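> Sending over a structure as structure tokens; questions will come in a sec.
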Amino acid sequence: MLDETLTYALIKLMKAHRNQLAAALVPLGLHVGQELLLNQLWREDGLTQGELIARLGVEPPTVTKTLQRLERVGFVYRAPDPDRPRIGRVYLTDAGKALREPVEAIWRELDADLQRGFTQEERELLTKLLRVEQS
């Protein structure tokens, strides 16, 4: 019975989509989820770890581990706030900035794949349905 539910179909779709994303990110040296953190820095470089946690809606250890990995491969670095040295900020390196275009291209391609075969009306409806805030 479970495999006949919409929930089951959505989970299968999400897993397949995540696997596709993972395969596309590997050549860039990224793992799924790391691009979401980088995206926040592409929007506003120099965020604190606390700001990243709040914006991503994840647990602190998740951000800590992700930052450590991104720092180790040279995509970000941490430095004290120039005005408040006790506060650490996260900045993109040139290599981290250079990832923006290829990552955004991957996401655009995945979006196109996901919506292939849909009419414009169906795409708009799907977007509207999926962007409803969950209570």
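Labels used: A, B, ... for chains in the order of the structure tokens, numbers from 1 for residues in each chain, and numbers from 1 for ligands as shown.
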Run DSSP on the backbone and tell me which residues of stretch 45-128 of chain A come out as strand (DSSP E or B); list them as a ChimeraX atom specification.

/A:47,76-80,88-92

> Keeping only all heavy atoms, write those residues as a PDB file, in the first residue's frame.


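See part27.pdb below for the written result:
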```pdb
ATOM      1  N   LEU A  47      29.362  36.124   5.949  1.00  0.00           N
ATOM      2  CA  LEU A  47      28.372  35.805   6.983  1.00  0.00           C
ATOM      3  C   LEU A  47      29.049  35.113   8.161  1.00  0.00           C
ATOM      4  O   LEU A  47      30.104  34.505   8.013  1.00  0.00           O
ATOM      5  CB  LEU A  47      27.293  34.879   6.412  1.00  0.00           C
ATOM      6  CG  LEU A  47      26.409  35.470   5.315  1.00  0.00           C
ATOM      7  CD1 LEU A  47      25.526  34.382   4.701  1.00  0.00           C
ATOM      8  CD2 LEU A  47      25.560  36.609   5.855  1.00  0.00           C
ATOM      9  N   VAL A  76      36.406  28.271   0.836  1.00  0.00           N
ATOM     10  CA  VAL A  76      36.081  29.332   1.799  1.00  0.00           C
ATOM     11  C   VAL A  76      37.237  29.484   2.779  1.00  0.00           C
ATOM     12  O   VAL A  76      38.096  28.604   2.885  1.00  0.00           O
ATOM     13  CB  VAL A  76      34.776  29.046   2.594  1.00  0.00           C
ATOM     14  CG1 VAL A  76      33.579  28.892   1.671  1.00  0.00           C
ATOM     15  CG2 VAL A  76      34.924  27.849   3.508  1.00  0.00           C
ATOM     16  N   TYR A  77      37.237  30.594   3.486  1.00  0.00           N
ATOM     17  CA  TYR A  77      38.156  30.777   4.604  1.00  0.00           C
ATOM     18  C   TYR A  77      37.434  31.568   5.686  1.00  0.00           C
ATOM     19  O   TYR A  77      36.445  32.248   5.419  1.00  0.00           O
ATOM     20  CB  TYR A  77      39.457  31.474   4.170  1.00  0.00           C
ATOM     21  CG  TYR A  77      39.295  32.921   3.763  1.00  0.00           C
ATOM     22  CD1 TYR A  77      39.512  33.955   4.676  1.00  0.00           C
ATOM     23  CD2 TYR A  77      38.930  33.265   2.462  1.00  0.00           C
ATOM     24  CE1 TYR A  77      39.368  35.283   4.304  1.00  0.00           C
ATOM     25  CE2 TYR A  77      38.788  34.579   2.078  1.00  0.00           C
ATOM     26  CZ  TYR A  77      39.010  35.588   2.999  1.00  0.00           C
ATOM     27  OH  TYR A  77      38.863  36.901   2.636  1.00  0.00           O
ATOM     28  N   ARG A  78      37.916  31.411   6.895  1.00  0.00           N
ATOM     29  CA  ARG A  78      37.323  32.110   8.039  1.00  0.00           C
ATOM     30  C   ARG A  78      38.297  33.160   8.525  1.00  0.00           C
ATOM     31  O   ARG A  78      39.511  32.951   8.540  1.00  0.00           O
ATOM     32  CB  ARG A  78      36.996  31.142   9.156  1.00  0.00           C
ATOM     33  CG  ARG A  78      35.931  30.140   8.766  1.00  0.00           C
ATOM     34  CD  ARG A  78      35.596  29.251   9.924  1.00  0.00           C
ATOM     35  NE  ARG A  78      35.821  27.857   9.569  1.00  0.00           N
ATOM     36  CZ  ARG A  78      35.294  26.844  10.207  1.00  0.00           C
ATOM     37  NH1 ARG A  78      34.543  27.054  11.254  1.00  0.00           N
ATOM     38  NH2 ARG A  78      35.542  25.625   9.820  1.00  0.00           N
ATOM     39  N   ALA A  79      37.731  34.291   8.923  1.00  0.00           N
ATOM     40  CA  ALA A  79      38.551  35.390   9.435  1.00  0.00           C
ATOM     41  C   ALA A  79      37.733  36.171  10.457  1.00  0.00           C
ATOM     42  O   ALA A  79      36.500  36.191  10.385  1.00  0.00           O
ATOM     43  CB  ALA A  79      38.986  36.309   8.297  1.00  0.00           C
ATOM     44  N   PRO A  80      38.424  36.817  11.411  1.00  0.00           N
ATOM     45  CA  PRO A  80      37.690  37.623  12.388  1.00  0.00           C
ATOM     46  C   PRO A  80      37.044  38.838  11.727  1.00  0.00           C
ATOM     47  O   PRO A  80      37.566  39.371  10.751  1.00  0.00           O
ATOM     48  CB  PRO A  80      38.758  38.053  13.393  1.00  0.00           C
ATOM     49  CG  PRO A  80      40.052  37.531  12.907  1.00  0.00           C
ATOM     50  CD  PRO A  80      39.841  36.796  11.637  1.00  0.00           C
ATOM     51  N   GLY A  88      33.684  35.546  14.202  1.00  0.00           N
ATOM     52  CA  GLY A  88      34.288  34.984  12.998  1.00  0.00           C
ATOM     53  C   GLY A  88      33.346  35.090  11.811  1.00  0.00           C
ATOM     54  O   GLY A  88      32.141  34.928  11.949  1.00  0.00           O
ATOM     55  N   ARG A  89      33.905  35.381  10.674  1.00  0.00           N
ATOM     56  CA  ARG A  89      33.118  35.479   9.438  1.00  0.00           C
ATOM     57  C   ARG A  89      33.658  34.491   8.420  1.00  0.00           C
ATOM     58  O   ARG A  89      34.820  34.120   8.458  1.00  0.00           O
ATOM     59  CB  ARG A  89      33.157  36.897   8.879  1.00  0.00           C
ATOM     60  CG  ARG A  89      32.531  37.883   9.849  1.00  0.00           C
ATOM     61  CD  ARG A  89      31.911  39.076   9.144  1.00  0.00           C
ATOM     62  NE  ARG A  89      31.128  39.856  10.088  1.00  0.00           N
ATOM     63  CZ  ARG A  89      29.819  39.737  10.258  1.00  0.00           C
ATOM     64  NH1 ARG A  89      29.141  38.872   9.530  1.00  0.00           N
ATOM     65  NH2 ARG A  89      29.181  40.466  11.142  1.00  0.00           N
ATOM     66  N   VAL A  90      32.790  34.077   7.509  1.00  0.00           N
ATOM     67  CA  VAL A  90      33.159  33.117   6.473  1.00  0.00           C
ATOM     68  C   VAL A  90      33.151  33.847   5.134  1.00  0.00           C
ATOM     69  O   VAL A  90      32.181  34.534   4.798  1.00  0.00           O
ATOM     70  CB  VAL A  90      32.168  31.934   6.415  1.00  0.00           C
ATOM     71  CG1 VAL A  90      32.589  30.930   5.358  1.00  0.00           C
ATOM     72  CG2 VAL A  90      32.038  31.272   7.781  1.00  0.00           C
ATOM     73  N   TYR A  91      34.252  33.690   4.410  1.00  0.00           N
ATOM     74  CA  TYR A  91      34.407  34.362   3.121  1.00  0.00           C
ATOM     75  C   TYR A  91      34.715  33.355   2.023  1.00  0.00           C
ATOM     76  O   TYR A  91      35.368  32.343   2.262  1.00  0.00           O
ATOM     77  CB  TYR A  91      35.555  35.376   3.192  1.00  0.00           C
ATOM     78  CG  TYR A  91      35.322  36.474   4.187  1.00  0.00           C
ATOM     79  CD1 TYR A  91      35.831  36.384   5.477  1.00  0.00           C
ATOM     80  CD2 TYR A  91      34.600  37.613   3.843  1.00  0.00           C
ATOM     81  CE1 TYR A  91      35.623  37.399   6.405  1.00  0.00           C
ATOM     82  CE2 TYR A  91      34.390  38.635   4.766  1.00  0.00           C
ATOM     83  CZ  TYR A  91      34.908  38.521   6.043  1.00  0.00           C
ATOM     84  OH  TYR A  91      34.693  39.523   6.951  1.00  0.00           O
ATOM     85  N   LEU A  92      34.290  33.672   0.837  1.00  0.00           N
ATOM     86  CA  LEU A  92      34.612  32.859  -0.334  1.00  0.00           C
ATOM     87  C   LEU A  92      36.030  33.152  -0.808  1.00  0.00           C
ATOM     88  O   LEU A  92      36.466  34.308  -0.792  1.00  0.00           O
ATOM     89  CB  LEU A  92      33.654  33.194  -1.483  1.00  0.00           C
ATOM     90  CG  LEU A  92      32.204  32.793  -1.291  1.00  0.00           C
ATOM     91  CD1 LEU A  92      31.305  33.556  -2.258  1.00  0.00           C
ATOM     92  CD2 LEU A  92      32.044  31.302  -1.481  1.00  0.00           C
TER      93      LEU A  92
END
```

> Looking only at alpha helix (DSSP H) from DSSP on the backbone, list the matching residues of chain A as number ranges by chain.

A: 6-25, 34-43, 49-56, 60-72, 94-98, 100-115, 120-130

> Quick one: distance from atom CA of A:Arg55 to atom CA of A:Gln40 in Å, one decimal?

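Computed distance, atom CA of A:Arg55 to atom CA of A:Gln40, equals 7.7 Å.
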
> Excluding same-chain residues fewer than 2 positions from stretch 105-119 of chain A, what lies within 10 Å of it counting only C-alpha atoms, as a PyMOL selection string?

chain A and resi 13+17-18+20-21+24-25+100-103+121-126

> Using atom CA of A:Asp3 and atom CA of A:Ala16 as the two end points, give the distance in Å to one decimal.

15.6 Å

> Could you jot down the atom CA of A:Leu56 to atom CA of A:Arg43 separation for me, Å, one decimal place?

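So the answer is 12.8 Å.
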
> With only C-alpha atoms as the atoms that count, which of A:Val73, A:Ile87, A:Leu28, A:Ala23 lies nearest to A:Gly50?

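Under the stated criterion, the closest residue is A:Ile87.
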
> Considering only C-alpha atoms, return as a list in words whatever protein or nucleic-acid residues lie within 8 Å of A:Phe75, sequence-local ones (same chain, fewer than 4 positions apart) excluded.

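Answer for this query is Leu70, Glu71, Leu92, Thr93, Asp94, Ala95, Gly96 and Lys97 of chain A.
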
> Next, dump the selected residues to file, keeping only C-alpha atoms, as a PDB file, in the first residue's frame.


```pdb
ATOM      1  CA  LEU A  70      34.920  23.621   2.142  1.00  0.00           C
ATOM      2  CA  GLU A  71      37.833  25.289   3.906  1.00  0.00           C
ATOM      3  CA  LEU A  92      34.612  32.859  -0.334  1.00  0.00           C
ATOM      4  CA  THR A  93      37.998  32.338  -1.926  1.00  0.00           C
ATOM      5  CA  ASP A  94      38.410  33.011  -5.652  1.00  0.00           C
ATOM      6  CA  ALA A  95      37.928  29.266  -6.204  1.00  0.00           C
ATOM      7  CA  GLY A  96      34.676  29.391  -4.219  1.00  0.00           C
ATOM      8  CA  LYS A  97      33.453  32.392  -6.223  1.00  0.00           C
TER       9      LYS A  97
END
```

> Between A:Thr66, A:Ile11, A:Pro82, A:Ile53, which has the minimum distance to A:His31 (counting only C-alpha atoms)?

A:Thr66
